[in-house]
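> upload28.cif is reproduced below (mmCIF, C-alpha atoms and all ligand atoms).
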data_model
loop_
_atom_site.label_atom_id
_atom_site.label_comp_id
_atom_site.auth_asym_id
_atom_site.auth_seq_id
_atom_site.Cartn_x
_atom_site.Cartn_y
_atom_site.Cartn_z
CA MET A 200 69.13 102.14 -46.79
CA THR A 201 65.40 102.83 -47.13
CA GLN A 202 63.91 105.22 -49.61
CA ALA A 203 62.96 107.68 -46.90
CA THR A 204 66.47 107.98 -45.49
CA GLN A 205 67.98 108.11 -48.94
CA SER A 206 66.16 111.30 -49.84
CA LEU A 207 67.43 112.92 -46.66
CA THR A 208 71.05 112.45 -47.71
CA GLN A 209 70.56 115.13 -50.35
CA PRO A 210 70.45 118.74 -49.23
CA SER A 211 66.86 119.95 -49.59
CA SER A 212 65.58 123.45 -50.21
CA SER A 213 66.06 124.34 -46.54
CA ALA A 214 69.73 123.34 -46.70
CA THR A 215 72.27 126.07 -47.29
CA PHE A 216 75.11 123.63 -47.89
CA THR A 217 75.67 122.24 -51.32
CA GLY A 218 77.86 119.17 -50.78
CA LEU A 219 81.40 118.18 -49.90
CA LYS A 220 84.68 119.20 -51.51
CA CYS A 221 88.20 117.86 -51.18
CA LYS A 222 90.47 120.39 -49.46
CA GLU A 223 93.42 119.21 -51.56
CA CYS A 224 92.25 118.52 -55.14
CA GLY A 225 88.82 120.18 -55.14
CA ALA A 226 86.87 117.07 -56.18
CA GLU A 227 83.22 117.41 -55.21
CA TYR A 228 80.95 114.87 -53.53
CA GLU A 229 77.36 114.47 -52.36
CA ALA A 230 76.78 115.20 -48.68
CA LYS A 231 77.01 111.58 -47.49
CA ALA A 232 78.89 109.88 -44.63
CA ILE A 233 82.32 110.12 -46.26
CA HIS A 234 85.39 112.02 -45.14
CA VAL A 235 88.31 111.34 -47.51
CA CYS A 236 88.73 112.03 -51.21
CA GLU A 237 88.62 108.93 -53.44
CA PHE A 238 91.25 110.42 -55.74
CA CYS A 239 93.89 112.00 -53.48
CA PHE A 240 92.88 110.93 -49.92
CA GLY A 241 92.57 114.61 -48.93
CA PRO A 242 90.03 115.58 -46.23
CA LEU A 243 86.53 116.60 -47.33
CA GLU A 244 84.93 119.86 -46.29
CA VAL A 245 81.34 121.14 -46.43
CA MET A 246 80.52 123.74 -49.12
CA TYR A 247 77.86 126.46 -48.82
CA ASP A 248 76.13 128.83 -51.17
CA TYR A 249 77.46 132.07 -49.69
CA SER A 250 75.68 134.42 -52.06
CA ALA A 251 72.35 132.87 -51.00
CA LEU A 252 73.42 133.12 -47.34
CA ALA A 253 74.36 136.78 -47.75
CA GLN A 254 70.82 137.51 -48.95
CA THR A 255 69.01 135.83 -46.08
CA VAL A 256 71.22 136.03 -43.00
CA THR A 257 71.14 139.18 -40.87
CA ARG A 258 72.41 140.12 -37.41
CA GLU A 259 68.82 140.60 -36.27
CA ARG A 260 67.70 137.15 -37.44
CA ILE A 261 70.63 135.52 -35.67
CA GLN A 262 69.91 137.43 -32.47
CA ALA A 263 66.26 136.40 -32.62
CA GLY A 264 67.28 132.73 -32.85
CA PRO A 265 67.77 130.22 -30.02
CA ASN A 266 70.30 130.90 -27.26
CA SER A 267 72.53 128.08 -28.55
CA ILE A 268 74.75 127.22 -31.53
CA TRP A 269 71.57 126.72 -33.56
CA ARG A 270 71.10 130.48 -33.95
CA TYR A 271 73.74 129.94 -36.70
CA ARG A 272 71.89 127.03 -38.34
CA PRO A 273 72.22 128.41 -41.91
CA PHE A 274 76.01 128.09 -41.48
CA LEU A 275 75.80 124.49 -40.25
CA PRO A 276 75.54 121.36 -42.43
CA VAL A 277 72.10 120.11 -41.49
CA VAL A 278 68.78 120.10 -43.31
CA THR A 279 66.33 119.89 -40.44
CA ASP A 280 64.67 122.83 -38.74
CA THR A 281 64.55 120.83 -35.52
CA PRO A 282 68.19 119.97 -34.75
CA ILE A 283 69.28 118.29 -31.52
CA ASP A 284 69.41 121.33 -29.26
CA VAL A 285 70.64 120.60 -25.74
CA GLY A 286 71.58 124.20 -25.06
CA THR A 287 75.06 123.88 -26.53
CA GLY A 288 76.94 127.11 -27.15
CA MET A 289 76.50 130.80 -26.30
CA THR A 290 78.95 130.35 -23.46
CA PRO A 291 80.25 133.48 -21.70
CA LEU A 292 82.87 135.75 -23.27
CA LEU A 293 84.43 137.08 -20.11
CA LYS A 294 86.53 140.26 -19.97
CA ALA A 295 89.54 139.00 -18.03
CA ASN A 296 90.80 142.18 -16.36
CA ARG A 297 92.80 140.63 -13.54
CA LEU A 298 94.56 138.10 -15.75
CA ALA A 299 95.18 140.85 -18.32
CA ARG A 300 96.80 143.07 -15.70
CA ARG A 301 98.93 140.19 -14.45
CA LEU A 302 100.22 139.56 -17.96
CA GLY A 303 100.47 143.19 -19.04
CA LEU A 304 97.68 143.13 -21.64
CA LYS A 305 95.03 145.82 -22.14
CA ARG A 306 92.05 143.88 -23.56
CA LEU A 307 91.87 140.17 -22.87
CA TYR A 308 88.77 138.01 -23.18
CA ILE A 309 88.16 134.40 -22.17
CA LYS A 310 85.72 132.37 -24.28
CA ASN A 311 84.62 130.02 -21.54
CA ASP A 312 83.61 126.61 -22.89
CA ALA A 313 84.50 125.10 -19.51
CA VAL A 314 80.79 125.73 -18.85
CA ASN A 315 79.44 124.54 -22.18
CA MET A 316 76.34 122.33 -22.12
CA PRO A 317 75.71 119.51 -21.54
CA THR A 318 79.18 118.08 -20.73
CA LEU A 319 81.39 121.09 -19.97
CA SER A 320 83.66 121.16 -23.00
CA PHE A 321 83.73 122.61 -26.49
CA LYS A 322 83.09 119.09 -27.87
CA ASP A 323 79.36 119.56 -27.20
CA ARG A 324 79.38 121.91 -30.22
CA VAL A 325 80.79 119.43 -32.71
CA VAL A 326 78.71 116.54 -31.37
CA SER A 327 75.41 118.47 -31.50
CA VAL A 328 76.05 119.05 -35.20
CA ALA A 329 77.40 115.56 -35.94
CA LEU A 330 74.51 113.72 -34.29
CA THR A 331 71.91 115.93 -35.93
CA ARG A 332 73.48 115.07 -39.28
CA ALA A 333 73.88 111.38 -38.28
CA ARG A 334 70.13 111.19 -37.68
CA GLU A 335 69.46 112.79 -41.07
CA LEU A 336 71.73 110.27 -42.76
CA GLY A 337 69.81 107.41 -41.14
CA PHE A 338 72.31 106.21 -38.54
CA THR A 339 70.90 104.60 -35.42
CA THR A 340 74.22 103.86 -33.69
CA VAL A 341 76.80 106.59 -33.13
CA SER A 342 80.38 106.25 -32.03
CA CYS A 343 83.69 108.05 -31.70
CA ALA A 344 87.42 107.73 -31.05
CA SER A 345 88.02 110.02 -28.12
CA THR A 346 90.65 111.56 -25.86
CA GLY A 347 87.90 111.92 -23.24
CA ASN A 348 85.72 114.95 -23.80
CA LEU A 349 84.36 113.69 -27.11
CA ALA A 350 83.23 110.45 -25.43
CA ASN A 351 81.43 112.52 -22.75
CA SER A 352 79.61 114.59 -25.36
CA THR A 353 78.75 111.75 -27.72
CA ALA A 354 77.36 109.60 -24.90
CA ALA A 355 75.32 112.44 -23.38
CA ILE A 356 73.83 113.84 -26.57
CA ALA A 357 73.16 110.35 -27.98
CA ALA A 358 71.25 109.59 -24.77
CA HIS A 359 69.17 112.74 -25.22
CA ALA A 360 68.48 111.93 -28.87
CA GLY A 361 67.73 108.25 -28.21
CA LEU A 362 70.58 106.97 -30.39
CA ASP A 363 72.58 103.84 -29.56
CA CYS A 364 76.13 104.69 -28.58
CA CYS A 365 79.47 102.89 -28.41
CA VAL A 366 82.60 104.95 -27.71
CA PHE A 367 86.31 104.14 -27.81
CA ILE A 368 88.86 105.70 -25.44
CA PRO A 369 92.48 105.03 -24.49
CA SER A 370 92.47 102.95 -21.28
CA ASP A 371 94.61 105.45 -19.30
CA LEU A 372 92.16 108.41 -19.23
CA GLU A 373 91.41 110.52 -16.15
CA ALA A 374 88.72 109.10 -13.81
CA GLY A 375 86.42 112.09 -14.38
CA LYS A 376 86.42 111.56 -18.13
CA VAL A 377 85.59 107.86 -17.81
CA LEU A 378 82.85 108.36 -15.21
CA GLY A 379 81.48 111.29 -17.20
CA THR A 380 80.94 108.91 -20.10
CA LEU A 381 79.72 105.76 -18.31
CA VAL A 382 76.92 107.58 -16.49
CA TYR A 383 74.99 108.05 -19.75
CA GLY A 384 74.93 104.29 -20.29
CA PRO A 385 76.79 103.80 -23.59
CA THR A 386 79.06 100.87 -24.40
CA VAL A 387 82.59 102.01 -23.57
CA MET A 388 85.63 100.33 -25.12
CA ALA A 389 88.81 101.20 -23.19
CA VAL A 390 91.61 100.36 -25.58
CA HIS A 391 95.14 99.45 -24.48
CA GLY A 392 96.86 102.02 -26.64
CA ASN A 393 97.15 105.76 -27.29
CA TYR A 394 94.59 107.91 -29.11
CA ASP A 395 96.19 107.40 -32.52
CA GLN A 396 95.86 103.63 -32.11
CA VAL A 397 92.25 104.01 -30.94
CA ASN A 398 91.54 106.13 -33.99
CA ARG A 399 93.04 103.57 -36.36
CA LEU A 400 90.91 100.81 -34.81
CA CYS A 401 87.80 102.95 -35.17
CA SER A 402 88.46 103.55 -38.87
CA GLU A 403 88.31 99.79 -39.34
CA VAL A 404 85.11 99.46 -37.28
CA ALA A 405 83.51 102.30 -39.26
CA ASN A 406 84.13 100.36 -42.45
CA THR A 407 82.64 97.13 -41.16
CA HIS A 408 79.76 98.10 -38.83
CA GLY A 409 77.96 100.94 -40.56
CA TRP A 410 78.01 103.14 -37.47
CA GLY A 411 78.20 106.92 -37.54
CA PHE A 412 81.61 107.85 -36.11
CA VAL A 413 81.35 111.53 -35.30
CA ASN A 414 85.04 112.23 -35.89
CA ILE A 415 85.64 109.72 -38.70
CA ASN A 416 82.96 109.15 -41.36
CA LEU A 417 80.94 112.15 -40.08
CA ARG A 418 84.05 114.33 -39.64
CA PRO A 419 83.18 116.91 -42.34
CA TYR A 420 79.90 117.70 -40.49
CA TYR A 421 81.32 117.33 -36.98
CA SER A 422 84.18 119.74 -37.57
CA GLU A 423 81.83 122.47 -38.84
CA GLY A 424 80.44 122.70 -35.29
CA SER A 425 83.68 124.38 -34.18
CA LYS A 426 82.93 127.36 -36.43
CA THR A 427 80.42 128.48 -33.81
CA LEU A 428 83.38 129.33 -31.54
CA GLY A 429 84.26 131.96 -34.13
CA TYR A 430 80.70 133.20 -34.72
CA GLU A 431 79.92 133.61 -31.03
CA VAL A 432 83.06 135.59 -30.31
CA ALA A 433 82.34 137.92 -33.24
CA GLU A 434 78.76 138.43 -32.08
CA GLN A 435 79.71 138.83 -28.41
CA LEU A 436 82.34 141.44 -29.28
CA GLY A 437 79.51 143.49 -30.83
CA TRP A 438 79.83 142.10 -34.37
CA GLN A 439 83.57 142.68 -34.58
CA LEU A 440 86.57 140.43 -34.94
CA PRO A 441 89.36 140.42 -32.34
CA ASP A 442 93.01 141.21 -33.19
CA HIS A 443 94.48 137.96 -31.90
CA ILE A 444 93.15 134.58 -30.81
CA VAL A 445 94.88 131.84 -28.84
CA ALA A 446 93.44 128.29 -28.98
CA PRO A 447 94.59 124.76 -28.12
CA LEU A 448 95.52 122.28 -30.86
CA ALA A 449 94.85 118.54 -30.80
CA SER A 450 93.98 117.47 -34.36
CA GLY A 451 94.10 121.17 -35.29
CA SER A 452 90.47 121.12 -36.44
CA LEU A 453 89.02 123.62 -33.98
CA PHE A 454 91.75 126.15 -34.82
CA THR A 455 91.09 125.96 -38.57
CA LYS A 456 87.32 126.21 -38.05
CA ILE A 457 87.50 129.36 -35.93
CA TYR A 458 89.35 130.81 -38.91
CA LYS A 459 86.69 129.56 -41.34
CA GLY A 460 83.94 130.98 -39.11
CA PHE A 461 85.50 134.47 -39.08
CA GLN A 462 86.00 134.35 -42.85
CA GLU A 463 82.40 133.33 -43.49
CA PHE A 464 81.05 136.18 -41.38
CA VAL A 465 83.17 138.59 -43.45
CA LYS A 466 82.05 136.94 -46.69
CA VAL A 467 78.33 137.36 -45.98
CA GLY A 468 78.75 140.89 -44.60
CA LEU A 469 78.02 140.25 -40.91
CA VAL A 470 81.37 141.74 -39.76
CA GLU A 471 84.03 144.01 -41.26
CA GLU A 472 87.12 142.36 -42.63
CA LYS A 473 90.10 142.41 -40.27
CA ALA A 474 93.50 140.73 -40.09
CA VAL A 475 93.13 138.41 -37.08
CA ARG A 476 96.32 136.74 -35.82
CA PHE A 477 95.95 133.04 -34.96
CA SER A 478 98.18 131.48 -32.29
CA GLY A 479 98.04 127.84 -31.23
CA ALA A 480 98.90 126.00 -28.00
CA GLN A 481 100.28 122.49 -27.51
CA ALA A 482 101.76 120.49 -24.66
CA GLU A 483 105.47 119.87 -25.13
CA GLY A 484 104.91 116.13 -24.57
CA CYS A 485 102.74 116.05 -27.69
CA SER A 486 103.61 118.98 -29.94
CA PRO A 487 103.92 117.78 -33.54
CA ILE A 488 102.19 120.92 -34.86
CA ALA A 489 104.35 123.32 -32.82
CA GLN A 490 107.45 121.47 -34.02
CA ALA A 491 106.44 121.74 -37.68
CA PHE A 492 105.74 125.46 -37.19
CA ARG A 493 109.06 126.07 -35.42
CA GLU A 494 111.05 124.18 -38.04
CA GLU A 495 109.14 125.83 -40.90
CA ARG A 496 108.14 122.46 -42.30
CA ASP A 497 105.23 121.74 -44.66
CA PHE A 498 104.59 118.32 -43.17
CA ILE A 499 103.84 116.90 -39.72
CA THR A 500 106.14 114.33 -38.16
CA PRO A 501 103.96 112.15 -35.89
CA VAL A 502 105.03 111.76 -32.24
CA LYS A 503 104.18 109.42 -29.37
CA PRO A 504 102.24 111.47 -26.77
CA SER A 505 103.50 111.82 -23.21
CA THR A 506 101.79 114.65 -21.32
CA ILE A 507 99.20 115.33 -18.62
CA ALA A 508 97.17 117.21 -21.26
CA LYS A 509 95.53 114.02 -22.48
CA SER A 510 92.53 115.71 -24.12
CA ILE A 511 94.83 117.33 -26.69
CA ALA A 512 97.35 114.47 -26.97
CA ILE A 513 97.05 113.55 -30.64
CA GLY A 514 100.40 112.41 -32.04
CA ASN A 515 99.30 112.35 -35.69
CA PRO A 516 97.02 115.38 -36.10
CA ALA A 517 94.73 115.23 -39.16
CA ASP A 518 94.46 118.99 -39.60
CA GLY A 519 97.92 119.86 -38.27
CA ILE A 520 99.30 121.16 -41.51
CA TYR A 521 96.27 123.41 -42.10
CA ALA A 522 96.75 124.85 -38.61
CA VAL A 523 100.43 125.59 -39.36
CA ASP A 524 99.38 127.31 -42.57
CA ILE A 525 96.85 129.56 -40.77
CA ALA A 526 99.29 130.52 -37.99
CA ARG A 527 101.87 131.37 -40.65
CA LYS A 528 99.69 133.42 -42.96
CA THR A 529 98.04 135.37 -40.13
CA ASN A 530 101.38 136.27 -38.55
CA GLY A 531 100.56 134.17 -35.49
CA ASN A 532 102.56 131.52 -33.65
CA ILE A 533 102.32 127.96 -32.38
CA GLU A 534 104.04 127.31 -29.07
CA SER A 535 104.33 124.42 -26.64
CA VAL A 536 104.59 124.40 -22.84
CA THR A 537 105.74 121.86 -20.25
CA ASP A 538 103.44 119.88 -17.95
CA GLN A 539 104.66 122.05 -15.05
CA GLU A 540 103.67 125.20 -16.96
CA ILE A 541 100.28 123.63 -17.76
CA VAL A 542 99.51 123.15 -14.05
CA GLU A 543 100.67 126.72 -13.35
CA GLY A 544 98.40 127.92 -16.18
CA MET A 545 95.41 126.14 -14.63
CA LYS A 546 96.15 127.75 -11.25
CA LEU A 547 96.75 131.19 -12.77
CA LEU A 548 93.36 131.19 -14.52
CA ALA A 549 91.58 129.89 -11.42
CA GLU A 550 93.20 132.43 -9.09
CA THR A 551 92.82 135.47 -11.34
CA GLU A 552 89.46 134.83 -13.03
CA GLY A 553 87.62 132.16 -11.06
CA ILE A 554 87.63 129.66 -13.92
CA PHE A 555 88.68 126.08 -13.22
CA THR A 556 89.83 124.67 -16.53
CA GLU A 557 91.27 121.30 -17.40
CA THR A 558 94.77 120.61 -18.68
CA ALA A 559 93.96 121.79 -22.23
CA GLY A 560 92.98 125.19 -20.80
CA GLY A 561 96.14 125.23 -18.68
CA THR A 562 98.09 124.63 -21.87
CA THR A 563 96.37 127.57 -23.55
CA ILE A 564 96.88 129.98 -20.64
CA ALA A 565 100.54 128.96 -20.25
CA THR A 566 101.04 129.50 -23.97
CA LEU A 567 99.34 132.90 -23.78
CA LYS A 568 101.77 133.88 -21.01
CA LYS A 569 104.74 132.62 -22.97
CA LEU A 570 103.70 134.50 -26.12
CA VAL A 571 103.19 137.76 -24.20
CA GLU A 572 106.58 137.42 -22.46
CA ALA A 573 108.26 136.80 -25.83
CA GLY A 574 106.65 139.93 -27.29
CA LYS A 575 104.57 137.83 -29.70
CA ILE A 576 101.30 139.33 -28.48
CA ASN A 577 101.19 143.13 -28.21
CA SER A 578 99.64 144.67 -25.11
CA ASP A 579 97.12 146.67 -27.13
CA GLU A 580 95.80 143.79 -29.22
CA THR A 581 92.25 142.71 -28.37
CA THR A 582 93.03 139.10 -27.57
CA VAL A 583 90.58 136.21 -27.15
CA VAL A 584 91.69 133.01 -25.45
CA TYR A 585 89.66 129.86 -25.92
CA ILE A 586 89.16 127.78 -22.77
CA THR A 587 87.80 124.49 -24.03
CA GLY A 588 87.28 122.18 -21.04
CA ASN A 589 86.46 121.93 -17.33
CA GLY A 590 88.95 121.31 -14.51
CA LEU A 591 86.68 119.03 -12.50
CA LYS A 592 87.30 116.37 -15.16
CA THR A 593 91.09 116.36 -14.72
CA GLN A 594 91.48 116.67 -10.95
CA GLU A 595 94.54 114.39 -11.02
CA ALA A 596 96.52 117.16 -12.73
CA VAL A 597 96.39 119.63 -9.83
CA GLN A 598 96.51 117.18 -6.96
CA GLY A 599 99.60 117.99 -4.90
CA TYR A 600 99.86 121.50 -6.36
CA ILE A 601 97.03 123.14 -4.46
CA GLY A 602 96.51 123.84 -0.76
CA GLN A 603 94.79 121.70 1.86
CA PRO A 604 91.79 122.70 3.96
CA LEU A 605 92.60 123.71 7.55
CA THR A 606 90.95 121.06 9.71
CA ILE A 607 89.61 122.48 12.96
CA GLU A 608 87.36 121.68 15.92
CA PRO A 609 83.87 123.24 15.96
CA LYS A 610 85.13 125.86 18.45
CA LEU A 611 85.98 129.53 18.07
CA ASP A 612 89.45 129.28 19.60
CA SER A 613 90.33 126.40 17.29
CA PHE A 614 89.33 128.58 14.35
CA GLU A 615 91.32 131.58 15.68
CA ARG A 616 94.46 129.48 16.15
CA ALA A 617 94.16 128.00 12.65
CA LEU A 618 93.64 131.47 11.15
CA GLU A 619 96.74 132.81 12.93
CA ARG A 620 98.74 129.81 11.76
CA SER A 621 97.65 130.27 8.14
CA ARG A 622 98.58 133.96 8.26
CA THR A 623 102.02 133.09 9.61
CA LEU A 624 102.39 130.53 6.85
CA ASP A 625 101.43 133.14 4.26
CA ARG A 626 104.06 135.52 5.70
CA LEU A 627 106.71 132.79 5.65
CA GLU A 628 105.91 132.03 2.03
CA TRP A 629 106.29 135.71 1.20
CA GLN A 630 109.64 135.82 2.98
CA GLU A 631 110.78 132.84 0.94
CA VAL A 632 109.77 134.69 -2.21
CA LEU A 633 111.62 137.81 -1.09
CA VAL A 634 114.98 136.20 -0.19
C1 LIG B 701 89.31 117.94 -28.45
C2 LIG B 701 89.77 119.09 -27.63
C3 LIG B 701 90.53 120.17 -28.17
C4 LIG B 701 91.06 120.26 -29.57
O1 LIG B 701 90.39 119.71 -30.58
P1 LIG B 701 90.86 119.64 -32.11
O2 LIG B 701 89.73 120.22 -32.85
O3 LIG B 701 91.06 118.19 -32.39
O4 LIG B 701 92.15 120.41 -32.29
C5 LIG B 701 90.83 121.20 -27.33
N1 LIG B 701 90.45 121.22 -26.03
C6 LIG B 701 89.74 120.23 -25.49
C7 LIG B 701 89.39 120.32 -24.04
C8 LIG B 701 89.37 119.13 -26.25
O5 LIG B 701 88.67 118.15 -25.68
#
Show this structure as structure tokens.


Amino acid sequence: MTQATQSLTQPSSSATFTGLKCKECGAEYEAKAIHVCEFCFGPLEVMYDYSALAQTVTRERIQAGPNSIWRYRPFLPVVTDTPIDVGTGMTPLLKANRLARRLGLKRLYIKNDAVNMPTLSFKDRVVSVALTRARELGFTTVSCASTGNLANSTAAIAAHAGLDCCVFIPSDLEAGKVLGTLVYGPTVMAVHGNYDQVNRLCSEVANTHGWGFVNINLRPYYSEGSKTLGYEVAEQLGWQLPDHIVAPLASGSLFTKIYKGFQEFVKVGLVEEKAVRFSGAQAEGCSPIAQAFREERDFITPVKPSTIAKSIAIGNPADGIYAVDIARKTNGNIESVTDQEIVEGMKLLAETEGIFTETAGGTTIATLKKLVEAGKINSDETTVVYITGNGLKTQEAVQGYIGQPLTIEPKLDSFERALERSRTLDRLEWQEVLV
């Protein structure tokens, strides 16, 4: 490494973070491209000087910042004042009245990362942070082990930043996820194996090639990007925390970082303290975190994924046990739903709120429904549901479960006949429901 890049590895005066710390044993490290503790193999997390942050950060300063995740730059682990800003973040927080009524809730909000920029999933948040930090640490090639969305984000944002990119995906991903990576021109390795095998391979490559893997050797920085899902919701609710949140779990990272984000805002005085309940969603075909929660275990038993919700199909989730801990101590829940329920969840959200989400979002909506029906979410709780990805990327999931267009001749009578037929069909369907 050259002298110039070396000096950048140390937080400078404009950095608000102070280094890395092991989540298990507390050992501290310099802010380099490392992610596990040398002593206990625990995961490393970024530390900040919160008393300094409390003195400088105000609601007004945040609101005067860019309309992206970078309005929260003091809470993110980068040194530069010119981060890679591709408009990521500040996605809509939609008041979901029709879905709320359908479920019997009073105040339901959808945090809609199905329209996040540039690649229509929450992963644009973590990648914007990881690649900004990768550049600071002197990496010129970036990479990732991905279930699909991460490959899309890494390829797109690397293209924008002019970084070389090589991504690894399981070979059985949805067509939209593969195409949505290839178009940016990275090298794509489609591995015969599931995500956990892809991830293991990438750990070896990271050790031998000196590349910046956003979710491996850059993981402490990458994962901090998910905190912005917490900050934005607090700001968009008028600088208040909700009563209950529901979010999908793959590695469990996003879930734990929403929690960290809320806590930090309390710590520096941006919002009032409040007991927020945290509930997590998994697909039954890959639900190691839900199983550990249900069985009140303090360890995760890895599983082999088999579900249509591929973007959240991680059989050996790195942050699973921390997610269980948060759900437990906040009086929340972690539930799983079947593939059938996931498709119904996708349709329910589309038909009630006009949001087409992918399978991960279907998982979250189906879990929300299940929790409400089981009395595990009260109707008067202000509830925020995190929709993390876009349905156009997983079209396979709903094929065969949605209607067909009515094909007609370009003539009025052809239209009238088709309309009459569709109304009769609607009536017949209703009769079927009624008998
Ligand atoms: C990656 C991903 C998640 C979950 O991410 P973790 O932080 O690993 O739990 C959720 N939804 C979508 C759409 C994703 O791509």

> At a cut-off of 7 Å, using all atoms listed in the file, what residues contact region 350-355 of chain A? Leave out same-chain residues fewer than 6 positions from it and give the result as a tab-separated table (two decimals) with C-alpha atoms, in the frame of the given file.


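Result file follows (out.tsv):
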chain	number	residue	atom	x	y	z
A	318	THR	CA	79.18	118.08	-20.73
A	322	LYS	CA	83.09	119.09	-27.87
A	323	ASP	CA	79.36	119.56	-27.20
A	326	VAL	CA	78.71	116.54	-31.37
A	343	CYS	CA	83.69	108.05	-31.70
A	364	CYS	CA	76.13	104.69	-28.58
A	366	VAL	CA	82.60	104.95	-27.71
A	376	LYS	CA	86.42	111.56	-18.13
A	379	GLY	CA	81.48	111.29	-17.20
A	380	THR	CA	80.94	108.91	-20.10
A	383	TYR	CA	74.99	108.05	-19.75
A	385	PRO	CA	76.79	103.80	-23.59

> Ligand LIG 701 (chain B): which residues are within 8 Å, counting all atoms listed in the file? Reply as an NGL selection string.

:A and (320-322 or 346-349 or 422 or 425 or 446-454 or 510-511 or 513 or 516 or 518 or 557-560 or 586-589)

> I'd like the neighbourhood of Met388 (chain A) as a list in words, where a residue qualifies if any of its atoms comes within 12 Å (using all atoms listed in the file), though same-chain residues fewer than 5 positions away should be ignored.

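Listing them by chain and then by number gives Ser342, Cys343, Ala344, Ser345, Gly347, Ala350, Cys364, Cys365, Val366, Phe367, Ile368, Pro369, Ser370, Asp371, Leu372, Val377, Thr380, Leu381, Val397, Leu400 and Cys401 of chain A.
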
> Could you list, as a list in words, every residue within 7 Å of Thr215 (chain A), counting only C-alpha atoms and ignoring same-chain residues fewer than 5 positions away?

Tyr247, Asp248 and Pro273 of chain A

> Neighbouring residues of region 250-260 of chain A were defined as those with any atom within 10 Å, considering only C-alpha atoms; residues of the same chain fewer than 5 positions away were excluded. Please report them as a list in words.

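Near region 250-260 of chain A, the qualifying residues are Thr215, Phe216, Arg270, Tyr271, Pro273, Phe274, Glu434, Trp438, Glu463, Phe464, Val465, Lys466, Val467, Gly468, Leu469 and Val470 of chain A.
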
> Looking at only C-alpha atoms, which of A:Thr455, A:Gln481, A:Gln396, A:Ser486 is the one that sits closest to Asp524 (chain A)?

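Closest residue, counting only C-alpha atoms: A:Thr455.
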
> How many Å separate CA of Pro441 (chain A) from CA of Ile554 (chain A)?

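The value is 21.4 Å.
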
> In Å, how far is it from CA of Leu570 (chain A) to CA of Ser478 (chain A)?

8.8 Å

> Please measure the separation of CA of Tyr421 (chain A) and CA of Ile233 (chain A), giving the value in Å to one decimal.

11.8 Å

> Give me the residues near Ala214 (chain A) as number ranges by chain, where near means some atom within 12 Å (using only C-alpha atoms) and where sequence neighbours in that chain fewer than 3 positions away do not count.

A: 207-211, 217-218, 230, 245-248, 251-252, 272-280, 332, 335

> Please tell me which residues are no farther than 12 Å from (94.0, 125.3, -6.2) in the file, counting only C-alpha atoms, and write them as number ranges by chain.

A: 542-551, 553-556, 590-591, 594-604

> With only C-alpha atoms as the basis for distance, which of A:Ile520, A:Ala474, A:Ile488, A:Ile507 is at the shortest distance from Lys222 (chain A)?

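Of A:Ile520, A:Ala474, A:Ile488, A:Ile507, the one nearest Lys222 (chain A), counting only C-alpha atoms, is A:Ile520.
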
> Given the point (94.1, 114.4, -50.1) in the file's coordinates, find the residues that have an atom at most 10 Å from it, counting all atoms listed in the file, and give them as a short mmCIF file (atom, residue, chain, number, x, y, z; two decimals) with C-alpha atoms, keeping the file's coordinate frame.


data_model
loop_
_atom_site.label_atom_id
_atom_site.label_comp_id
_atom_site.auth_asym_id
_atom_site.auth_seq_id
_atom_site.Cartn_x
_atom_site.Cartn_y
_atom_site.Cartn_z
CA CYS A 221 88.20 117.86 -51.18
CA LYS A 222 90.47 120.39 -49.46
CA GLU A 223 93.42 119.21 -51.56
CA CYS A 224 92.25 118.52 -55.14
CA GLY A 225 88.82 120.18 -55.14
CA ALA A 226 86.87 117.07 -56.18
CA VAL A 235 88.31 111.34 -47.51
CA CYS A 236 88.73 112.03 -51.21
CA GLU A 237 88.62 108.93 -53.44
CA PHE A 238 91.25 110.42 -55.74
CA CYS A 239 93.89 112.00 -53.48
CA PHE A 240 92.88 110.93 -49.92
CA GLY A 241 92.57 114.61 -48.93
CA PRO A 242 90.03 115.58 -46.23
CA LEU A 243 86.53 116.60 -47.33
#

> Given the choices A:Val341, A:Val382, A:Met289, A:Ala299, which gets closest to Gly411 (chain A) if the distance is worked out from only C-alpha atoms?

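Among A:Val341, A:Val382, A:Met289, A:Ala299, it is A:Val341 that comes nearest to Gly411 (chain A).
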